[in-house]
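Let me begin by presenting the structure, written as structure tokens, before commenting on it.
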Amino acid sequence: MNSVTRWNPFREFDDLFANLSAMNGLERRGRSEWMPPVDITETPEHYAIAMDLPAIDIKDINVEVKDGLLTVSGERQETFESNKDDVTRHRVERRYGSFSRGFRLPEDVDGEAISARVKDGVLTLTLAKREENTPRRIEVQPH
């Protein structure tokens, strides 16, 4: 049985951007840097990117579009006082510090019609498609 895998332009460009960033020394992953996970979906009208950003203040999130590249960056602050003498850390698994994710926009995205909202620690970006690329049904009329 053969399976068909649908081409995902976001995956291709995300991988390309990550590789180019690493080659140029732009992606230095130290202890304070992390990469929030994302889900990317598509409908006939838009693409949606859902990014997990728990415990991040909305003022610490930056979303920008430039030259066909959508970049989401920000910083998650430590939520406990680590400089007190009476605090003992037994385990620290959550990542803190700055993050940055870049996504090359597909050609059918309207760069002026991108919205962002945060709810329950999830940033949702909605990228509207240009109307001329939205499929529409054309009814065939009798002659």
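Ordered as shown in the structure tokens, chains take letters A, B, and onward, while each chain numbers its residues from 1 and ligands are numbered from 1 in the order shown.
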When you look at Trp34 (chain A) with a cut-off of 9 Å (counting only C-alpha atoms), what residues show up, excluding the ones that are within fewer than 6 positions of it in the same chain? I need them as a CSV table (one decimal) with N, CA, C and O atoms, in the first residue's frame.
```csv
chain,number,residue,atom,x,y,z
A,95,ARG,N,12.7,25.6,30.2
A,95,ARG,CA,13.7,26.5,29.6
A,95,ARG,C,13.3,28.0,29.8
A,95,ARG,O,12.2,28.3,29.7
A,96,TYR,N,14.3,28.8,30.0
A,96,TYR,CA,14.1,30.2,30.2
A,96,TYR,C,15.1,30.9,29.2
A,96,TYR,O,16.0,30.4,28.8
A,97,GLY,N,14.8,32.2,29.0
A,97,GLY,CA,15.6,33.0,28.1
A,97,GLY,C,15.0,33.3,26.8
A,97,GLY,O,13.7,33.2,26.7
A,98,SER,N,15.8,33.7,25.9
A,98,SER,CA,15.3,34.2,24.6
A,98,SER,C,15.0,33.0,23.6
A,98,SER,O,15.5,31.9,23.7
A,99,PHE,N,14.1,33.3,22.7
A,99,PHE,CA,13.8,32.3,21.6
A,99,PHE,C,13.5,33.1,20.3
A,99,PHE,O,13.2,34.3,20.4
A,100,SER,N,13.7,32.4,19.2
A,100,SER,CA,13.3,33.0,17.9
A,100,SER,C,13.0,31.9,16.9
A,100,SER,O,13.8,30.9,16.9
```
- Query: Suppose you want the space between CA of Glu64 (chain A) and CA of Lys129 (chain A); what is it in Å?
  - Reply: 17.4 Å
Considering only C-alpha atoms, give me a table of residues in region 60-82 of chain A that are at most 6 Å from region 101-111 of chain A, with the closest atom pair and distance in Å for each, as a tab-separated table.
```
residue	atom	partner	partner_atom	distance
A:Gly68	CA	A:Leu105	CA	5.4
A:Leu69	CA	A:Arg104	CA	4.5
A:Leu70	CA	A:Phe103	CA	5.1
A:Thr71	CA	A:Gly102	CA	4.4
A:Val72	CA	A:Arg101	CA	5.3
```
Name the residues in contact with Ile49 (chain A) at a cut-off of 7 Å, using only C-alpha atoms, excluding same-chain residues fewer than 2 positions from it; report them as a CSV table (one decimal) with N, CA, C and O atoms, in the first residue's frame.
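The resulting file, part13.csv, is shown below:
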```csv
chain,number,residue,atom,x,y,z
A,38,VAL,N,5.6,24.3,17.5
A,38,VAL,CA,4.6,24.9,16.7
A,38,VAL,C,3.8,23.8,16.0
A,38,VAL,O,4.3,22.7,15.8
A,39,ASP,N,2.5,24.1,15.8
A,39,ASP,CA,1.7,23.4,14.9
A,39,ASP,C,1.3,24.3,13.7
A,39,ASP,O,0.9,25.5,14.0
A,40,ILE,N,1.3,23.8,12.5
A,40,ILE,CA,0.9,24.7,11.3
A,40,ILE,C,-0.2,23.9,10.6
A,40,ILE,O,0.0,22.8,10.2
A,41,THR,N,-1.3,24.6,10.4
A,41,THR,CA,-2.4,24.1,9.7
A,41,THR,C,-2.8,25.0,8.5
A,41,THR,O,-2.4,26.1,8.5
A,47,TYR,N,-3.6,30.1,6.5
A,47,TYR,CA,-2.7,29.2,7.3
A,47,TYR,C,-2.8,29.7,8.8
A,47,TYR,O,-3.1,30.8,9.0
A,51,MET,N,1.7,28.4,18.5
A,51,MET,CA,3.0,28.2,19.2
A,51,MET,C,2.8,28.2,20.7
A,51,MET,O,2.2,29.1,21.2
A,124,THR,N,-1.5,32.3,18.6
A,124,THR,CA,-2.0,31.8,17.3
A,124,THR,C,-1.9,32.9,16.3
A,124,THR,O,-2.4,34.0,16.5
A,125,LEU,N,-1.2,32.6,15.2
A,125,LEU,CA,-1.0,33.5,14.1
A,125,LEU,C,-1.9,33.0,13.0
A,125,LEU,O,-1.8,31.9,12.6
A,126,THR,N,-2.7,33.9,12.4
A,126,THR,CA,-3.5,33.6,11.3
A,126,THR,C,-3.0,34.4,10.1
A,126,THR,O,-2.9,35.6,10.1
```
- Item | All strand (DSSP E or B) residues (DSSP, backbone) inside region 57-133 of chain A, as number ranges by chain | A: 61-66, 69-76, 97-104, 109-119, 122-129
Name the residues in contact with Leu53 (chain A) at a cut-off of 7 Å, using only C-alpha atoms, excluding same-chain residues fewer than 5 positions from it; report them as a PDB file with N, CA, C and O atoms, in the first residue's frame.
```
ATOM      1  N   PRO A  36      10.268  27.142  21.106  1.00  0.00           N
ATOM      2  CA  PRO A  36       8.919  26.664  21.404  1.00  0.00           C
ATOM      3  C   PRO A  36       8.359  25.842  20.238  1.00  0.00           C
ATOM      4  O   PRO A  36       8.593  26.164  19.077  1.00  0.00           O
ATOM      5  N   GLY A 121      -1.715  30.632  26.995  1.00  0.00           N
ATOM      6  CA  GLY A 121      -0.315  30.309  26.743  1.00  0.00           C
ATOM      7  C   GLY A 121       0.001  29.856  25.336  1.00  0.00           C
ATOM      8  O   GLY A 121       1.096  29.372  25.065  1.00  0.00           O
ATOM      9  N   VAL A 122      -0.957  30.012  24.409  1.00  0.00           N
ATOM     10  CA  VAL A 122      -0.730  29.625  23.021  1.00  0.00           C
ATOM     11  C   VAL A 122      -0.878  30.862  22.140  1.00  0.00           C
ATOM     12  O   VAL A 122      -1.915  31.515  22.153  1.00  0.00           O
ATOM     13  N   LEU A 123       0.177  31.182  21.398  1.00  0.00           N
ATOM     14  CA  LEU A 123       0.138  32.261  20.418  1.00  0.00           C
ATOM     15  C   LEU A 123      -0.395  31.668  19.116  1.00  0.00           C
ATOM     16  O   LEU A 123       0.145  30.668  18.626  1.00  0.00           O
TER      17      LEU A 123
END
```
- Item | Atomic separation - CA of Arg94 (chain A) relative to CA of Val63 (chain A), Å | 22.7 Å
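CA of Asn62 (chain A) is found 24.0 Å from CA of Arg130 (chain A).
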